[in-house]
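One structure below.
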Amino acid sequence: GNLLKAFKEVFRAIKLDQKPIRSCLTLGMGVASVPSELIKIFPDTTQDAVEYDQVVIDLYHQFFPQVQGLTIHNTDALSFISSNNKKYDLVIVDLYHDLEVPQEFHSEQFTRAISNCCSDNGTVIFNQVVRSEKDKIVLNEMTAMFSTNFRKVEVFNRSYINHFLIGYKNLS
């Protein structure tokens, strides 16, 4: 739906298809709509996805086309990235409980952890819903945290409630 459209727009805007993406990590897999889109852009990439809710994983397996080569980890995102040693060229953060990102994913610890799991040329795309002044404050705080962990940071939004905070490990 609209969320996938918003992700496609940000992918186009940052010219993701021109980046050398060989490995992707999606935190908050849902029913794998983002990994499905990424495999179209990067057919030879390896993908890991983290999904905490086993029911969501079961729904994906039962009702949705399976993404070739996708490895699913049924665990908490913070635990996964804190203990994982693999480096990724692209990290997608889409972690929600209803329309709220849980507080632990708005922390310096989490921001540092996602930066540490990026390759030297890695990119992080963090989806943040902004519906209120409080949400704008959180986005600004996250932008400041990203600025201390990434060489370049930008925010992308096109008329949706989704704002995408983008962190680049390298300036190119």
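By convention here, the chains of the structure tokens are called A, B, ... in the order presented, each chain's residues are numbered starting at 1, and ligands are numbered starting at 1 in the order presented.
Once Val93 (chain A) and its same-chain neighbours fewer than 6 positions away are set aside, Thr26, Leu27, Gly28, Ile125, Phe126 and Asn127 of chain A remain within 7 Å of it when counting only C-alpha atoms.
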Limited to C-alpha atoms, could you put the picked residues into a file as a CSV table (one decimal), in the first residue's frame?
chain,number,residue,atom,x,y,z
A,26,THR,CA,15.6,-5.3,7.1
A,27,LEU,CA,14.6,-4.7,10.7
A,28,GLY,CA,10.8,-5.1,11.0
A,125,ILE,CA,17.0,4.1,5.9
A,126,PHE,CA,14.9,4.6,9.1
A,127,ASN,CA,11.1,5.0,8.7
Shell around Asn2 (chain A) at 9 Å using only C-alpha atoms, local window under 4 positions removed, as a ChimeraX atom specification: /A:6-7,160
Distance criterion (only C-alpha atoms): nearest to Leu59 (chain A) out of A:Leu90, A:Val31, A:Ile81, A:Leu25: A:Val31
Contacts of Val130 (chain A) within 10 Å, only C-alpha atoms, excl. fewer than 6 positions in-chain, as a PyMOL selection string: chain A and resi 99-100+136-139+157+160-164
Keeping N, CA and C atoms, export the residues of the selection given above as an mmCIF file, in the first residue's frame.
data_model
loop_
_atom_site.group_PDB
_atom_site.id
_atom_site.type_symbol
_atom_site.label_atom_id
_atom_site.label_comp_id
_atom_site.auth_asym_id
_atom_site.auth_seq_id
_atom_site.Cartn_x
_atom_site.Cartn_y
_atom_site.Cartn_z
ATOM 1 N N LEU A 99 1.322 2.313 15.177
ATOM 2 C CA LEU A 99 1.986 3.403 14.447
ATOM 3 C C LEU A 99 3.115 4.043 15.252
ATOM 4 N N GLU A 100 3.585 3.358 16.263
ATOM 5 C CA GLU A 100 4.634 3.902 17.129
ATOM 6 C C GLU A 100 5.907 3.072 17.027
ATOM 7 N N LYS A 136 7.649 15.219 15.629
ATOM 8 C CA LYS A 136 8.659 16.068 14.984
ATOM 9 C C LYS A 136 9.874 16.230 15.881
ATOM 10 N N ILE A 137 9.633 16.375 17.177
ATOM 11 C CA ILE A 137 10.737 16.485 18.130
ATOM 12 C C ILE A 137 11.571 15.207 18.120
ATOM 13 N N VAL A 138 10.893 14.060 18.123
ATOM 14 C CA VAL A 138 11.600 12.770 18.084
ATOM 15 C C VAL A 138 12.428 12.663 16.800
ATOM 16 N N LEU A 139 11.851 13.048 15.669
ATOM 17 C CA LEU A 139 12.579 13.009 14.404
ATOM 18 C C LEU A 139 13.818 13.891 14.472
ATOM 19 N N ASN A 157 10.732 13.134 2.762
ATOM 20 C CA ASN A 157 9.290 13.036 2.972
ATOM 21 C C ASN A 157 8.576 13.583 1.754
ATOM 22 N N TYR A 160 3.402 11.936 2.764
ATOM 23 C CA TYR A 160 2.913 10.848 3.604
ATOM 24 C C TYR A 160 3.265 11.169 5.050
ATOM 25 N N ILE A 161 2.741 10.395 5.969
ATOM 26 C CA ILE A 161 3.139 10.578 7.368
ATOM 27 C C ILE A 161 4.509 9.963 7.622
ATOM 28 N N ASN A 162 5.003 9.188 6.655
ATOM 29 C CA ASN A 162 6.313 8.565 6.798
ATOM 30 C C ASN A 162 7.419 9.543 6.421
ATOM 31 N N HIS A 163 8.343 9.718 7.351
ATOM 32 C CA HIS A 163 9.563 10.478 7.111
ATOM 33 C C HIS A 163 10.706 9.474 7.175
ATOM 34 N N PHE A 164 11.618 9.562 6.238
ATOM 35 C CA PHE A 164 12.723 8.617 6.174
ATOM 36 C C PHE A 164 14.004 9.334 6.533
#
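Using only C-alpha atoms for every distance, the candidate list A:Ser82, A:Gln128, A:Thr123, A:Thr148 yields A:Gln128 as the residue closest to Val101 (chain A).
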CA of Leu171 (chain A) to CA of Thr46 (chain A), straight-line distance in Å: 23.7 Å
Those of region 11-166 of chain A in DSSP helix (DSSP H, G or I), formatted as a PyMOL selection string: chain A and resi 11-13+16-18+33-41+54-63+77-83+103-106+108-116+133-149
Nearest to Lys19 (chain A) by atom-to-atom distance, counting only C-alpha atoms, from A:Ile92, A:Val55, A:Val129, A:Ile41: A:Ile41
Nearby residues (only C-alpha atoms) at most 6 Å from Cys118 (chain A), same-chain spacing under 4 positions excluded, as a VMD selection string: chain A and resid 87 to 89 122
For the residues in the current selection, export N, CA, C and O atoms as a PDB file, in the first residue's frame.
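Produced file out29.pdb, reproduced below:
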ATOM      1  N   LYS A  87      28.344  -7.216   8.297  1.00  0.00           N
ATOM      2  CA  LYS A  87      28.226  -5.837   7.821  1.00  0.00           C
ATOM      3  C   LYS A  87      27.315  -5.820   6.594  1.00  0.00           C
ATOM      4  O   LYS A  87      27.407  -6.682   5.722  1.00  0.00           O
ATOM      5  N   TYR A  88      26.444  -4.809   6.549  1.00  0.00           N
ATOM      6  CA  TYR A  88      25.462  -4.703   5.468  1.00  0.00           C
ATOM      7  C   TYR A  88      25.659  -3.402   4.690  1.00  0.00           C
ATOM      8  O   TYR A  88      25.985  -2.366   5.264  1.00  0.00           O
ATOM      9  N   ASP A  89      25.404  -3.478   3.391  1.00  0.00           N
ATOM     10  CA  ASP A  89      25.462  -2.286   2.544  1.00  0.00           C
ATOM     11  C   ASP A  89      24.207  -1.434   2.692  1.00  0.00           C
ATOM     12  O   ASP A  89      24.247  -0.225   2.445  1.00  0.00           O
ATOM     13  N   GLY A 122      27.973   1.796   3.655  1.00  0.00           N
ATOM     14  CA  GLY A 122      26.602   1.453   3.973  1.00  0.00           C
ATOM     15  C   GLY A 122      25.656   2.637   4.090  1.00  0.00           C
ATOM     16  O   GLY A 122      26.059   3.767   4.349  1.00  0.00           O
TER      17      GLY A 122
END
Residue nearest Ser147 (chain A) - candidates A:Ile39, A:Ile21, A:Ile57, A:Ile166, atoms counted: only C-alpha atoms: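 Distance minimum relative to Ser147 (chain A) lands on A:Ile166.
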Once you count only C-alpha atoms, what closest atom pair and distance in Å to one decimal does each residue of region 13-44 of chain A within 12 Å of region 60-75 of chain A have, with rows by chain and rising residue number, as JSON lines?
{"residue": "A:Ser23", "atom": "CA", "partner": "A:Leu70", "partner_atom": "CA", "distance": 10.6}
{"residue": "A:Cys24", "atom": "CA", "partner": "A:Leu70", "partner_atom": "CA", "distance": 9.6}
{"residue": "A:Leu25", "atom": "CA", "partner": "A:Thr71", "partner_atom": "CA", "distance": 9.6}
{"residue": "A:Thr26", "atom": "CA", "partner": "A:Ile72", "partner_atom": "CA", "distance": 9.5}
{"residue": "A:Leu27", "atom": "CA", "partner": "A:His73", "partner_atom": "CA", "distance": 9.6}
{"residue": "A:Gly28", "atom": "CA", "partner": "A:Thr75", "partner_atom": "CA", "distance": 10.1}
{"residue": "A:Met29", "atom": "CA", "partner": "A:Ile72", "partner_atom": "CA", "distance": 8.3}
{"residue": "A:Gly30", "atom": "CA", "partner": "A:Tyr60", "partner_atom": "CA", "distance": 7.7}
{"residue": "A:Val31", "atom": "CA", "partner": "A:Tyr60", "partner_atom": "CA", "distance": 4.8}
{"residue": "A:Ala32", "atom": "CA", "partner": "A:Tyr60", "partner_atom": "CA", "distance": 7.1}
{"residue": "A:Ser33", "atom": "CA", "partner": "A:Phe64", "partner_atom": "CA", "distance": 9.0}
{"residue": "A:Val34", "atom": "CA", "partner": "A:Val67", "partner_atom": "CA", "distance": 10.0}
{"residue": "A:Pro35", "atom": "CA", "partner": "A:Val67", "partner_atom": "CA", "distance": 7.0}
{"residue": "A:Ser36", "atom": "CA", "partner": "A:Val67", "partner_atom": "CA", "distance": 5.8}
{"residue": "A:Glu37", "atom": "CA", "partner": "A:Val67", "partner_atom": "CA", "distance": 9.3}
{"residue": "A:Leu38", "atom": "CA", "partner": "A:Val67", "partner_atom": "CA", "distance": 9.6}
{"residue": "A:Ile39", "atom": "CA", "partner": "A:Val67", "partner_atom": "CA", "distance": 7.4}
{"residue": "A:Lys40", "atom": "CA", "partner": "A:Val67", "partner_atom": "CA", "distance": 9.8}
{"residue": "A:Phe42", "atom": "CA", "partner": "A:Gln68", "partner_atom": "CA", "distance": 11.4}
{"residue": "A:Pro43", "atom": "CA", "partner": "A:Gln68", "partner_atom": "CA", "distance": 8.7}
{"residue": "A:Asp44", "atom": "CA", "partner": "A:Gly69", "partner_atom": "CA", "distance": 9.1}
Can you write out the residues you just picked, keeping N, CA, C and O atoms, as a PDB file, in the first residue's frame?
ATOM      1  N   SER A  23      24.459  -6.648   0.195  1.00  0.00           N
ATOM      2  CA  SER A  23      23.839  -7.250   1.377  1.00  0.00           C
ATOM      3  C   SER A  23      22.873  -6.257   2.003  1.00  0.00           C
ATOM      4  O   SER A  23      23.169  -5.073   2.091  1.00  0.00           O
ATOM      5  N   CYS A  24      21.711  -6.779   2.414  1.00  0.00           N
ATOM      6  CA  CYS A  24      20.659  -5.934   2.995  1.00  0.00           C
ATOM      7  C   CYS A  24      20.165  -6.552   4.298  1.00  0.00           C
ATOM      8  O   CYS A  24      20.058  -7.772   4.413  1.00  0.00           O
ATOM      9  N   LEU A  25      19.830  -5.684   5.216  1.00  0.00           N
ATOM     10  CA  LEU A  25      19.198  -6.094   6.463  1.00  0.00           C
ATOM     11  C   LEU A  25      17.934  -5.270   6.623  1.00  0.00           C
ATOM     12  O   LEU A  25      17.981  -4.038   6.546  1.00  0.00           O
ATOM     13  N   THR A  26      16.808  -5.943   6.841  1.00  0.00           N
ATOM     14  CA  THR A  26      15.550  -5.259   7.102  1.00  0.00           C
ATOM     15  C   THR A  26      15.137  -5.580   8.533  1.00  0.00           C
ATOM     16  O   THR A  26      14.939  -6.743   8.877  1.00  0.00           O
ATOM     17  N   LEU A  27      15.045  -4.549   9.349  1.00  0.00           N
ATOM     18  CA  LEU A  27      14.606  -4.686  10.734  1.00  0.00           C
ATOM     19  C   LEU A  27      13.128  -4.323  10.775  1.00  0.00           C
ATOM     20  O   LEU A  27      12.761  -3.180  10.514  1.00  0.00           O
ATOM     21  N   GLY A  28      12.295  -5.299  11.072  1.00  0.00           N
ATOM     22  CA  GLY A  28      10.847  -5.133  10.985  1.00  0.00           C
ATOM     23  C   GLY A  28      10.394  -5.605   9.624  1.00  0.00           C
ATOM     24  O   GLY A  28      10.056  -4.814   8.753  1.00  0.00           O
ATOM     25  N   MET A  29      10.406  -6.909   9.409  1.00  0.00           N
ATOM     26  CA  MET A  29      10.157  -7.488   8.098  1.00  0.00           C
ATOM     27  C   MET A  29       8.713  -7.343   7.645  1.00  0.00           C
ATOM     28  O   MET A  29       8.455  -7.175   6.456  1.00  0.00           O
ATOM     29  N   GLY A  30       7.756  -7.408   8.586  1.00  0.00           N
ATOM     30  CA  GLY A  30       6.367  -7.452   8.164  1.00  0.00           C
ATOM     31  C   GLY A  30       6.160  -8.656   7.264  1.00  0.00           C
ATOM     32  O   GLY A  30       6.688  -9.734   7.524  1.00  0.00           O
ATOM     33  N   VAL A  31       5.442  -8.482   6.176  1.00  0.00           N
ATOM     34  CA  VAL A  31       5.222  -9.590   5.245  1.00  0.00           C
ATOM     35  C   VAL A  31       6.177  -9.509   4.051  1.00  0.00           C
ATOM     36  O   VAL A  31       5.896 -10.016   2.979  1.00  0.00           O
ATOM     37  N   ALA A  32       7.322  -8.871   4.270  1.00  0.00           N
ATOM     38  CA  ALA A  32       8.451  -8.838   3.322  1.00  0.00           C
ATOM     39  C   ALA A  32       8.200  -8.007   2.074  1.00  0.00           C
ATOM     40  O   ALA A  32       8.799  -8.271   1.032  1.00  0.00           O
ATOM     41  N   SER A  33       7.381  -6.976   2.157  1.00  0.00           N
ATOM     42  CA  SER A  33       7.173  -6.140   0.973  1.00  0.00           C
ATOM     43  C   SER A  33       8.454  -5.381   0.599  1.00  0.00           C
ATOM     44  O   SER A  33       8.768  -5.265  -0.589  1.00  0.00           O
ATOM     45  N   VAL A  34       9.202  -4.893   1.594  1.00  0.00           N
ATOM     46  CA  VAL A  34      10.448  -4.182   1.280  1.00  0.00           C
ATOM     47  C   VAL A  34      11.508  -5.157   0.752  1.00  0.00           C
ATOM     48  O   VAL A  34      12.106  -4.884  -0.292  1.00  0.00           O
ATOM     49  N   PRO A  35      11.754  -6.303   1.406  1.00  0.00           N
ATOM     50  CA  PRO A  35      12.696  -7.254   0.795  1.00  0.00           C
ATOM     51  C   PRO A  35      12.283  -7.697  -0.618  1.00  0.00           C
ATOM     52  O   PRO A  35      13.136  -7.891  -1.479  1.00  0.00           O
ATOM     53  N   SER A  36      10.988  -7.821  -0.868  1.00  0.00           N
ATOM     54  CA  SER A  36      10.506  -8.174  -2.215  1.00  0.00           C
ATOM     55  C   SER A  36      10.882  -7.104  -3.224  1.00  0.00           C
ATOM     56  O   SER A  36      11.263  -7.413  -4.358  1.00  0.00           O
ATOM     57  N   GLU A  37      10.760  -5.856  -2.829  1.00  0.00           N
ATOM     58  CA  GLU A  37      11.130  -4.753  -3.720  1.00  0.00           C
ATOM     59  C   GLU A  37      12.647  -4.708  -3.917  1.00  0.00           C
ATOM     60  O   GLU A  37      13.126  -4.477  -5.034  1.00  0.00           O
ATOM     61  N   LEU A  38      13.402  -4.918  -2.854  1.00  0.00           N
ATOM     62  CA  LEU A  38      14.860  -4.864  -2.953  1.00  0.00           C
ATOM     63  C   LEU A  38      15.410  -5.954  -3.866  1.00  0.00           C
ATOM     64  O   LEU A  38      16.375  -5.707  -4.607  1.00  0.00           O
ATOM     65  N   ILE A  39      14.824  -7.140  -3.848  1.00  0.00           N
ATOM     66  CA  ILE A  39      15.325  -8.225  -4.693  1.00  0.00           C
ATOM     67  C   ILE A  39      15.081  -7.919  -6.175  1.00  0.00           C
ATOM     68  O   ILE A  39      15.820  -8.382  -7.044  1.00  0.00           O
ATOM     69  N   LYS A  40      14.070  -7.101  -6.475  1.00  0.00           N
ATOM     70  CA  LYS A  40      13.845  -6.665  -7.859  1.00  0.00           C
ATOM     71  C   LYS A  40      14.962  -5.726  -8.310  1.00  0.00           C
ATOM     72  O   LYS A  40      15.382  -5.760  -9.463  1.00  0.00           O
ATOM     73  N   PHE A  42      18.048  -5.440  -6.761  1.00  0.00           N
ATOM     74  CA  PHE A  42      19.346  -6.093  -6.570  1.00  0.00           C
ATOM     75  C   PHE A  42      19.159  -7.614  -6.541  1.00  0.00           C
ATOM     76  O   PHE A  42      19.164  -8.223  -5.477  1.00  0.00           O
ATOM     77  N   PRO A  43      19.001  -8.250  -7.698  1.00  0.00           N
ATOM     78  CA  PRO A  43      18.673  -9.679  -7.716  1.00  0.00           C
ATOM     79  C   PRO A  43      19.750 -10.590  -7.131  1.00  0.00           C
ATOM     80  O   PRO A  43      19.447 -11.705  -6.719  1.00  0.00           O
ATOM     81  N   ASP A  44      20.983 -10.128  -7.060  1.00  0.00           N
ATOM     82  CA  ASP A  44      22.068 -10.969  -6.552  1.00  0.00           C
ATOM     83  C   ASP A  44      22.449 -10.668  -5.104  1.00  0.00           C
ATOM     84  O   ASP A  44      23.440 -11.186  -4.614  1.00  0.00           O
TER      85      ASP A  44
END
Point-to-point distance from CA of Phe156 (chain A) to CA of Asn85 (chain A), Å rounded to tenths: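 That distance, rounded to one decimal, is 28.9 Å.
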Atomic distance CA of Leu78 (chain A) - CA of Asp53 (chain A), expressed in Å with one decimal: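 CA of Leu78 (chain A) sits 14.1 Å away from CA of Asp53 (chain A).
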DSSP strand (DSSP E) residues within region 2-160 of chain A, as a ChimeraX atom specification: /A:23-27,46-50,70-73,88-93,118-129,152-156
Please produce a file of those selected residues containing N, CA, C and O atoms, as a short mmCIF file (atom, residue, chain, number, x, y, z; two decimals), in the first residue's frame.
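The new file part01.cif reads:
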data_model
loop_
_atom_site.label_atom_id
_atom_site.label_comp_id
_atom_site.auth_asym_id
_atom_site.auth_seq_id
_atom_site.Cartn_x
_atom_site.Cartn_y
_atom_site.Cartn_z
N SER A 23 24.46 -6.65 0.19
CA SER A 23 23.84 -7.25 1.38
C SER A 23 22.87 -6.26 2.00
O SER A 23 23.17 -5.07 2.09
N CYS A 24 21.71 -6.78 2.41
CA CYS A 24 20.66 -5.93 2.99
C CYS A 24 20.16 -6.55 4.30
O CYS A 24 20.06 -7.77 4.41
N LEU A 25 19.83 -5.68 5.22
CA LEU A 25 19.20 -6.09 6.46
C LEU A 25 17.93 -5.27 6.62
O LEU A 25 17.98 -4.04 6.55
N THR A 26 16.81 -5.94 6.84
CA THR A 26 15.55 -5.26 7.10
C THR A 26 15.14 -5.58 8.53
O THR A 26 14.94 -6.74 8.88
N LEU A 27 15.05 -4.55 9.35
CA LEU A 27 14.61 -4.69 10.73
C LEU A 27 13.13 -4.32 10.78
O LEU A 27 12.76 -3.18 10.51
N THR A 46 22.30 -10.60 -0.95
CA THR A 46 21.85 -11.45 0.14
C THR A 46 21.04 -10.58 1.09
O THR A 46 21.35 -9.41 1.29
N GLN A 47 19.98 -11.16 1.64
CA GLN A 47 19.11 -10.39 2.52
C GLN A 47 18.82 -11.14 3.80
O GLN A 47 18.50 -12.32 3.78
N ASP A 48 18.92 -10.41 4.89
CA ASP A 48 18.48 -10.87 6.19
C ASP A 48 17.32 -9.98 6.62
O ASP A 48 17.31 -8.78 6.31
N ALA A 49 16.36 -10.56 7.30
CA ALA A 49 15.24 -9.79 7.84
C ALA A 49 14.99 -10.24 9.27
O ALA A 49 15.08 -11.43 9.58
N VAL A 50 14.70 -9.27 10.12
CA VAL A 50 14.42 -9.54 11.52
C VAL A 50 12.96 -9.20 11.78
O VAL A 50 12.51 -8.09 11.46
N LEU A 70 16.06 -14.96 1.07
CA LEU A 70 15.82 -14.17 2.28
C LEU A 70 15.97 -15.07 3.51
O LEU A 70 15.33 -16.11 3.61
N THR A 71 16.83 -14.65 4.44
CA THR A 71 16.98 -15.36 5.71
C THR A 71 16.24 -14.58 6.77
O THR A 71 16.50 -13.38 6.97
N ILE A 72 15.30 -15.22 7.45
CA ILE A 72 14.46 -14.57 8.44
C ILE A 72 14.95 -14.95 9.84
O ILE A 72 15.18 -16.12 10.13
N HIS A 73 15.09 -13.94 10.68
CA HIS A 73 15.50 -14.13 12.06
C HIS A 73 14.34 -13.72 12.96
O HIS A 73 13.95 -12.54 12.97
N TYR A 88 26.44 -4.81 6.55
CA TYR A 88 25.46 -4.70 5.47
C TYR A 88 25.66 -3.40 4.69
O TYR A 88 25.98 -2.37 5.26
N ASP A 89 25.40 -3.48 3.39
CA ASP A 89 25.46 -2.29 2.54
C ASP A 89 24.21 -1.43 2.69
O ASP A 89 24.25 -0.22 2.45
N LEU A 90 23.11 -2.06 3.07
CA LEU A 90 21.85 -1.35 3.24
C LEU A 90 21.13 -1.91 4.46
O LEU A 90 20.98 -3.13 4.59
N VAL A 91 20.69 -1.01 5.34
CA VAL A 91 19.89 -1.40 6.50
C VAL A 91 18.59 -0.61 6.45
O VAL A 91 18.62 0.63 6.39
N ILE A 92 17.48 -1.31 6.45
CA ILE A 92 16.15 -0.70 6.48
C ILE A 92 15.60 -0.89 7.89
O ILE A 92 15.56 -2.01 8.39
N VAL A 93 15.17 0.20 8.51
CA VAL A 93 14.59 0.13 9.85
C VAL A 93 13.12 0.53 9.73
O VAL A 93 12.79 1.67 9.41
N CYS A 118 26.79 -1.44 9.54
CA CYS A 118 26.90 -1.02 8.14
C CYS A 118 28.32 -1.25 7.62
O CYS A 118 29.29 -1.08 8.35
N SER A 119 28.39 -1.58 6.35
CA SER A 119 29.69 -1.64 5.68
C SER A 119 30.24 -0.21 5.56
O SER A 119 29.54 0.77 5.87
N ASP A 120 31.48 -0.08 5.11
CA ASP A 120 32.11 1.24 4.99
C ASP A 120 31.33 2.19 4.09
O ASP A 120 31.37 3.40 4.27
N ASN A 121 30.62 1.64 3.10
CA ASN A 121 29.81 2.46 2.19
C ASN A 121 28.32 2.27 2.46
O ASN A 121 27.49 2.55 1.59
N GLY A 122 27.97 1.80 3.65
CA GLY A 122 26.60 1.45 3.97
C GLY A 122 25.66 2.64 4.09
O GLY A 122 26.06 3.77 4.35
N THR A 123 24.39 2.32 3.91
CA THR A 123 23.30 3.29 4.02
C THR A 123 22.24 2.72 4.95
O THR A 123 21.91 1.54 4.86
N VAL A 124 21.70 3.59 5.81
CA VAL A 124 20.58 3.21 6.67
C VAL A 124 19.38 4.06 6.29
O VAL A 124 19.50 5.28 6.12
N ILE A 125 18.23 3.42 6.16
CA ILE A 125 16.97 4.13 5.92
C ILE A 125 16.04 3.78 7.07
O ILE A 125 15.64 2.63 7.22
N PHE A 126 15.72 4.79 7.88
CA PHE A 126 14.93 4.61 9.10
C PHE A 126 13.56 5.26 8.87
O PHE A 126 13.47 6.47 8.66
N ASN A 127 12.51 4.46 8.90
CA ASN A 127 11.15 4.96 8.69
C ASN A 127 10.58 5.46 10.02
O ASN A 127 10.52 4.71 10.99
N GLN A 128 10.16 6.73 10.04
CA GLN A 128 9.60 7.34 11.24
C GLN A 128 8.28 8.02 10.88
O GLN A 128 8.26 8.93 10.05
N VAL A 129 7.19 7.58 11.50
CA VAL A 129 5.91 8.24 11.29
C VAL A 129 5.91 9.55 12.07
O VAL A 129 6.30 9.60 13.23
N LYS A 152 26.94 11.54 6.48
CA LYS A 152 25.93 12.38 5.82
C LYS A 152 24.57 11.91 6.27
O LYS A 152 24.32 10.70 6.35
N VAL A 153 23.67 12.87 6.54
CA VAL A 153 22.32 12.54 7.00
C VAL A 153 21.32 13.42 6.25
O VAL A 153 21.57 14.61 6.05
N GLU A 154 20.22 12.82 5.85
CA GLU A 154 19.14 13.60 5.24
C GLU A 154 17.80 13.01 5.65
O GLU A 154 17.71 11.86 6.06
N VAL A 155 16.76 13.83 5.52
CA VAL A 155 15.40 13.40 5.82
C VAL A 155 14.60 13.53 4.53
O VAL A 155 14.64 14.56 3.86
N PHE A 156 13.87 12.48 4.20
CA PHE A 156 13.05 12.45 2.99
C PHE A 156 11.59 12.31 3.37
O PHE A 156 11.24 11.45 4.19
#
